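*Asks:* Right, I'll just put the structure down here and ask away after.
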2 protein chains.
Amino acid sequence: MSNHSNANTSPKSPKSDLIADWEHLFKVFLRPEDNASRVTLVKYMEQILFGLHDFLKKHVGITEAKSLKELSERFTDTVINENPEKKLAEVITCVIDEIAPQAVNVASPYFVGHMTSAIPFFMVHLKTIVSALNQNVVKLETSKVVSIIEKQVIAKIHRMIYENSEAFYRTHVQNTETTLGAFVEGGTSANLTAFWVARNARFAPKEGFEGVESDGMAAAYKAYNVDRAVILVSRLGHYSLRKAAGLLGLGNKSIIPIGTDEKNKLDLNALRQKIHDIENGPEKTCILAIVGIAGATETGTIDPLEEIAEVCAEHNIHFHVDAAWGGPTLFSNSYRHLLKGIKQADSVTIDGHKQFYMPMSCGMIYFKNPVIMDVIAYYANYVNRRGSVDLGIKSLSGSREANSLILDSALKIMGTKGYELLINHGIETAAAFAEEISRRENFQLITAPELNILTYRLCPSELQQKLSFDDAQIRQRVNKQLNSINRDLQRLQRESGWSFVSRTSLKFGQDHSNCIVVLRAVIMNPMTTISILKDILDEQEEIYRNYLAGKF
Amino acid sequence: MSNHSNANTSPKSPKSDLIADWEHLFKVFLRPEDNASRVTLVKYMEQILFGLHDFLKKHVGITEAKSLKELSERFTDTVINENPEKKLAEVITCVIDEIAPQAVNVASPYFVGHMTSAIPFFMVHLKTIVSALNQNVVKLETSKVVSIIEKQVIAKIHRMIYENSEAFYRTHVQNTETTLGAFVEGGTSANLTAFWVARNARFAPKEGFEGVESDGMAAAYKAYNVDRAVILVSRLGHYSLRKAAGLLGLGNKSIIPIGTDEKNKLDLNALRQKIHDIENGPEKTCILAIVGIAGATETGTIDPLEEIAEVCAEHNIHFHVDAAWGGPTLFSNSYRHLLKGIKQADSVTIDGHKQFYMPMSCGMIYFKNPVIMDVIAYYANYVNRRGSVDLGIKSLSGSREANSLILDSALKIMGTKGYELLINHGIETAAAFAEEISRRENFQLITAPELNILTYRLCPSELQQKLSFDDAQIRQRVNKQLNSINRDLQRLQRESGWSFVSRTSLKFGQDHSNCIVVLRAVIMNPMTTISILKDILDEQEEIYRNYLAGKF
């Protein structure tokens, strides 16, 4: 059978004009076949790779100091042009010259404020492969081998988490009846999927009730004679947990925050007490799940997973681990032990775009029980047929890109050792940073790093003394002053555009009534060295001096 | 301030070894600075672009004829290697030589079965830009100008849908208090967001009730004295609507299918009757939303949007339009009128990875009311602070990639005219295909195309005669036989790997009791010409002849 497309007959250069007519449009689709055009298109890729890179390297700073207001005013036109405005070359130039300088240089080693960082160079190539192939993993007919690779890579990560037997993975890796996990958009969707499954498994069909997925929450409570379903998690749980509960019709109030100990880990006594109170309370309350955090967003701390697992087993409660951040610590021989107990989890969230260093956006959810995802299965005649291997059957997402191909390739390129180097670097650099902070008299380490996240604040020595006063009112006044200083400091440093730490506020004191503003550092960029971190502290001290001198 | 990263001091070629130590890892991150290495990395991109392209062009077929079982057996290893296995170059070669041949050539003009197709060449460049910048649009601190561009492009598409005044868009385009829509993962997330918003707006906080998002579904029903909330949609609604209702705790049974007319459009009388029945039924039922489809997945048909809007206005019901497929028809001066009434919708779903020809995965949701998304707002101290412009505040997603940058650039490269050419080509080629099907005596057109989707079946002339018999039993038997023929035909054609149409089953007859298997063609690839479509019919006739001759 021959290819009837007629574009092969007129291979002209594509660079001459804007796409205003069929012929040009056609060439954009077909891709130019003559050599000159290919050279041009490869040149564009070179510009994207190195034009951007060189710019970002030269401008080590975080972003140009244009105000948001000033920027906003430049992007107000809302009419789509009838005719093309720009050629691809111009779009690329515009990105390099106009967008990149006003975007955020998340790849800078001085950007240590959020969970977004430099990604390995090869990741960009891998993403390009995924979009050039443009497979849709919702079903086999639009992905074929890519669906099979996805099942394999899911089994690989499952094995890293759960360490089941070779026989177990032989049985399930390509089993079309079972599911070890799924790719989703990000940690939010992963947590949502975990609770969705837990909810449906708990409120399963029974006599006179077709299950919560079919009949809804109100009917589920009636059928199971329950007033309320709740989920317990440390007060440091990510806000996506509340969003998930809100979405699922449980209500976000059903996320019950549990206190933490002095190391910011879930307080097991408080957990046991809460379970006792619930079980003996006036309402018929069902505990749907308990969440253990493996890498809290604000403090990077890990809950006592093993002990939580025991509590869950004892009370027959779904145990979910939110390891969106900390999951890849499993790559490290030195630090894997920190996640001890994770293999008892009924479900585990891990983000690909965090410590797997994949491009935005990629999340994953894993389940211990290979058939539990059956409770969220959906079928349709035109897609996801019963009995098919279509991955869209048990998935929050419909159509989606093949991020599994990126992860699979990255694992081959890096090996566990490559990832281990990154993980160890982050943890060890954060420890060194904590020491440096403690050493400086103008800073106060607030939460020591367990992984690679820590919080601290600028706290001039004269104020530090006052904090040790007995008078609670004085201490409160000083803390208020410090909050204001640190809030301004973070903003001024961000605006000056050289480096970036984030800020949040943490609650302290026995009743968590004291809210203090802290600076938060996330050390995930392998180019972030202790010497860079010292620069950042130096700059903060300098900003504070100018601040005192009234320069701001 | 100087860049302290130490990699600049030793620029060596990166291609020599696998990443097993810190130095190599470092270079992967930093990107090689010497010329030879740059040349190598650009060469990789060339391979990705043209190696893949040349392969796919040469192998015009859909996929190599390896059985699923055979393929599965090759991907069963589940241990992640400790040491790196492959260099980037090898990964790329493997994709071209081993993965691509076993993936699905969705870019083939002979692939007319699903809503996934060839994408313009420049889209791959744009996706590469997005991943090279790796901005995270969840918040301004990790995206800055990119968040601003996103607000602008959302306003552009909103304007295309709703055609409000220039003053309206001036007010809202960069307004940090209002939201015209959001980027999400795909159509499923978009529909979910629409219902989420409708649910929360309907069950808003009131005396003694903090709202459904906070208190949950069961409490909402109590507070509003409701037994049940339902959503009405034609029986051709996408399965994601059921999934969304299941997720939200409404229960997927609450999606009530309404009958269609002989043109596969929502039957307005049936709709009015159903509303009447609900309002006068024994249960206190609240109608949360009515959905109008603009481009049904199976038949491509458009519901009478204007009339549904009237019904919704009359009863004060949220009007959602699922235009995941058909939305971009608005680009076409010739066919825009088909979506008349869409501007009355309270919410509209559109997919970027469908007829915007963007790479997987990109969905969008738009709202008429610029403050209605407030009902799904979430805040956190470390991200999405109150009063900030962080786009993650009102969003199903947390971290996500900047697909808005792709759409913004594509609109500039294509103009509305460029997209119009694509839309018109699809609709007109589908019309020509329908004519060709009707002309051939061995085929039967089942649903004529309104847009660029049609269904038909192979129906040999001798069986067609029997279908006109009076005897219902005979007709039923013949239909059963035809179902079996068409099921096999679709599979055999897919397996032979030259071309691909999909199949689904549609219900006919007054009570929709007759289920017939149909072949489904989606004409979105601009390289798909009528002559290619004739080839596909020829091949189907040939397969049928061989089938009769017992060759399969």
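FYI, nothing fancy with the structure tokens labels: chains A, B, ... in order, residues from 1 per chain, ligands from 1 as they appear.
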Using the chain letters and numbers from this document, which residues of range 83-204 of chain A does DSSP assign to strand (DSSP E or B), as a ChimeraX atom specification?
*Replies:* /A:111,181-184
*Asks:* Quick one: of A:Val311, A:Ile413, A:Ala89, A:Ala182, who's nearest to chain B, counting only C-alpha atoms?
*Replies:*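 Ranking A:Val311, A:Ile413, A:Ala89, A:Ala182 by distance to chain B, first place goes to A:Ile413.
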*Asks:* So that I can see what lies close to Leu88 in chain B, please list as a list in words the residues with an atom at most 8 Å from it, counting only C-alpha atoms and leaving out residues fewer than 2 positions away in the same chain.
*Replies:*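 What passes the distance filter is Phe122 and Ile413 of chain A; Lys86, Glu90, Val91 and Ile92 of chain B.
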*Asks:* May I have the residues from that selection written out with C-alpha atoms, as an mmCIF file, in the first residue's frame?
*Replies:*
data_model
loop_
_atom_site.group_PDB
_atom_site.id
_atom_site.type_symbol
_atom_site.label_atom_id
_atom_site.label_comp_id
_atom_site.auth_asym_id
_atom_site.auth_seq_id
_atom_site.Cartn_x
_atom_site.Cartn_y
_atom_site.Cartn_z
ATOM 1 C CA PHE A 122 18.931 14.130 29.019
ATOM 2 C CA ILE A 413 20.731 6.056 32.194
ATOM 3 C CA LYS B 86 22.669 2.743 28.791
ATOM 4 C CA GLU B 90 21.700 4.107 23.214
ATOM 5 C CA VAL B 91 18.349 5.014 24.689
ATOM 6 C CA ILE B 92 17.563 7.061 21.595
#
*Asks:* Which residues come within 9 Å of range 346-358 of chain A, counting only C-alpha atoms, excluding same-chain residues fewer than 4 positions away, as a PyMOL selection string?
*Replies:* (chain A and resi 115-120+123-124+127+161+181+185-188+190-191+194+198+318-329+342+362-369+403+406-407+410+419+422-423+524) or (chain B and resi 399)
*Asks:* Write the selection just made, keeping C-alpha atoms, as a CSV table (one decimal), in the first residue's frame?
*Replies:*
chain,number,residue,atom,x,y,z
A,115,MET,CA,10.8,21.4,45.1
A,116,THR,CA,11.5,22.4,41.5
A,117,SER,CA,15.1,22.5,40.4
A,118,ALA,CA,17.5,21.7,37.6
A,119,ILE,CA,16.8,18.5,35.7
A,120,PRO,CA,19.4,16.4,34.0
A,123,MET,CA,15.5,14.6,30.5
A,124,VAL,CA,14.7,17.2,27.9
A,127,LYS,CA,10.5,14.6,26.9
A,161,ILE,CA,9.0,0.1,47.6
A,181,GLY,CA,0.0,1.4,40.4
A,185,GLU,CA,-0.5,14.1,36.9
A,186,GLY,CA,1.2,14.8,40.2
A,187,GLY,CA,1.2,14.3,43.9
A,188,THR,CA,-2.3,15.8,44.3
A,190,ALA,CA,-1.8,10.5,43.4
A,191,ASN,CA,-3.2,11.3,46.9
A,194,ALA,CA,-5.3,6.7,47.0
A,198,ALA,CA,-9.7,3.6,50.0
A,318,HIS,CA,-6.0,1.8,55.1
A,319,PHE,CA,-2.4,3.0,55.5
A,320,HIS,CA,-1.4,5.6,52.9
A,321,VAL,CA,2.2,7.0,52.7
A,322,ASP,CA,2.6,10.4,51.1
A,323,ALA,CA,6.2,9.9,49.8
A,324,ALA,CA,5.8,12.5,47.0
A,325,TRP,CA,9.0,14.0,48.1
A,326,GLY,CA,10.9,11.4,50.1
A,327,GLY,CA,10.1,8.3,48.0
A,328,PRO,CA,13.4,8.2,46.0
A,329,THR,CA,15.4,8.1,49.3
A,342,ILE,CA,6.9,2.0,53.9
A,362,CYS,CA,4.6,13.4,36.6
A,363,GLY,CA,3.1,11.7,39.7
A,364,MET,CA,2.7,8.1,40.6
A,365,ILE,CA,0.5,6.0,42.9
A,366,TYR,CA,1.3,2.5,44.1
A,367,PHE,CA,-0.8,-0.1,45.8
A,368,LYS,CA,0.2,-3.1,47.9
A,369,ASN,CA,-2.8,-5.1,46.8
A,403,ASN,CA,5.8,9.8,31.1
A,406,ILE,CA,10.9,9.0,30.5
A,407,LEU,CA,11.2,7.2,33.9
A,410,ALA,CA,16.1,7.6,33.2
A,419,TYR,CA,20.0,8.6,41.9
A,422,LEU,CA,21.8,12.9,44.1
A,423,ILE,CA,19.9,11.8,47.2
A,524,MET,CA,17.9,19.1,45.6
B,399,SER,CA,2.4,21.2,40.4
*Asks:* Range 298-309 of chain A: which residues within 6 Å, counting only C-alpha atoms, same-chain residues fewer than 2 positions away excluded, as a list in words?
*Replies:*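 Neighbouring residues, sequence-local ones excluded: Lys265, Leu266, Gly292, Ile293, Ala294, Gly295, Ala296, Val311, Cys312, Gly341, Glu450, Leu451, Ile453 and Leu454 of chain A.
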*Asks:* Report the distance between CA of Ile446 in chain B and CA of Lys144 in chain A in Å, rounded to one decimal place.
*Replies:*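 Separating CA of Ile446 in chain B from CA of Lys144 in chain A is a distance of 28.5 Å.
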*Asks:* So that I can check the surroundings of Gly216 in chain B, please list as number ranges by chain every protein, DNA and RNA residue that reaches within 7 Å of it, counting only C-alpha atoms and ignoring chain neighbours fewer than 2 positions away.
*Replies:* A: 246, 249-251; B: 212-214, 218-220
*Asks:* Env of Ala245 in chain A: 8 Å cut, atoms = only C-alpha atoms, seq-sep filter 6 positions within chain, self excluded. Answer as an mmCIF file with N, CA and C atoms, in the first residue's frame.
*Replies:*
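Contents of result.cif, freshly written:
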data_model
loop_
_atom_site.group_PDB
_atom_site.id
_atom_site.type_symbol
_atom_site.label_atom_id
_atom_site.label_comp_id
_atom_site.auth_asym_id
_atom_site.auth_seq_id
_atom_site.Cartn_x
_atom_site.Cartn_y
_atom_site.Cartn_z
ATOM 1 N N LEU A 192 -5.211 11.845 45.735
ATOM 2 C CA LEU A 192 -6.634 11.731 45.429
ATOM 3 C C LEU A 192 -6.983 10.295 45.042
ATOM 4 N N PHE A 195 -7.036 7.959 48.154
ATOM 5 C CA PHE A 195 -8.251 8.091 48.979
ATOM 6 C C PHE A 195 -9.479 7.584 48.230
ATOM 7 N N GLY A 251 -15.664 15.752 52.506
ATOM 8 C CA GLY A 251 -15.521 17.051 53.152
ATOM 9 C C GLY A 251 -14.104 17.202 53.665
ATOM 10 N N ASN A 252 -13.482 18.359 53.439
ATOM 11 C CA ASN A 252 -12.085 18.478 53.868
ATOM 12 C C ASN A 252 -11.937 18.571 55.388
ATOM 13 N N SER A 254 -12.925 16.381 57.173
ATOM 14 C CA SER A 254 -12.703 15.004 57.590
ATOM 15 C C SER A 254 -11.212 14.672 57.670
ATOM 16 N N ILE A 255 -10.354 15.571 57.202
ATOM 17 C CA ILE A 255 -8.918 15.389 57.417
ATOM 18 C C ILE A 255 -8.619 15.906 58.828
#
*Asks:* One decimal, in Å: what's the spacing between CA of Ile543 in chain A and CA of Asn486 in chain A?
*Replies:*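 Separation between CA of Ile543 in chain A and CA of Asn486 in chain A: 10.7 Å.
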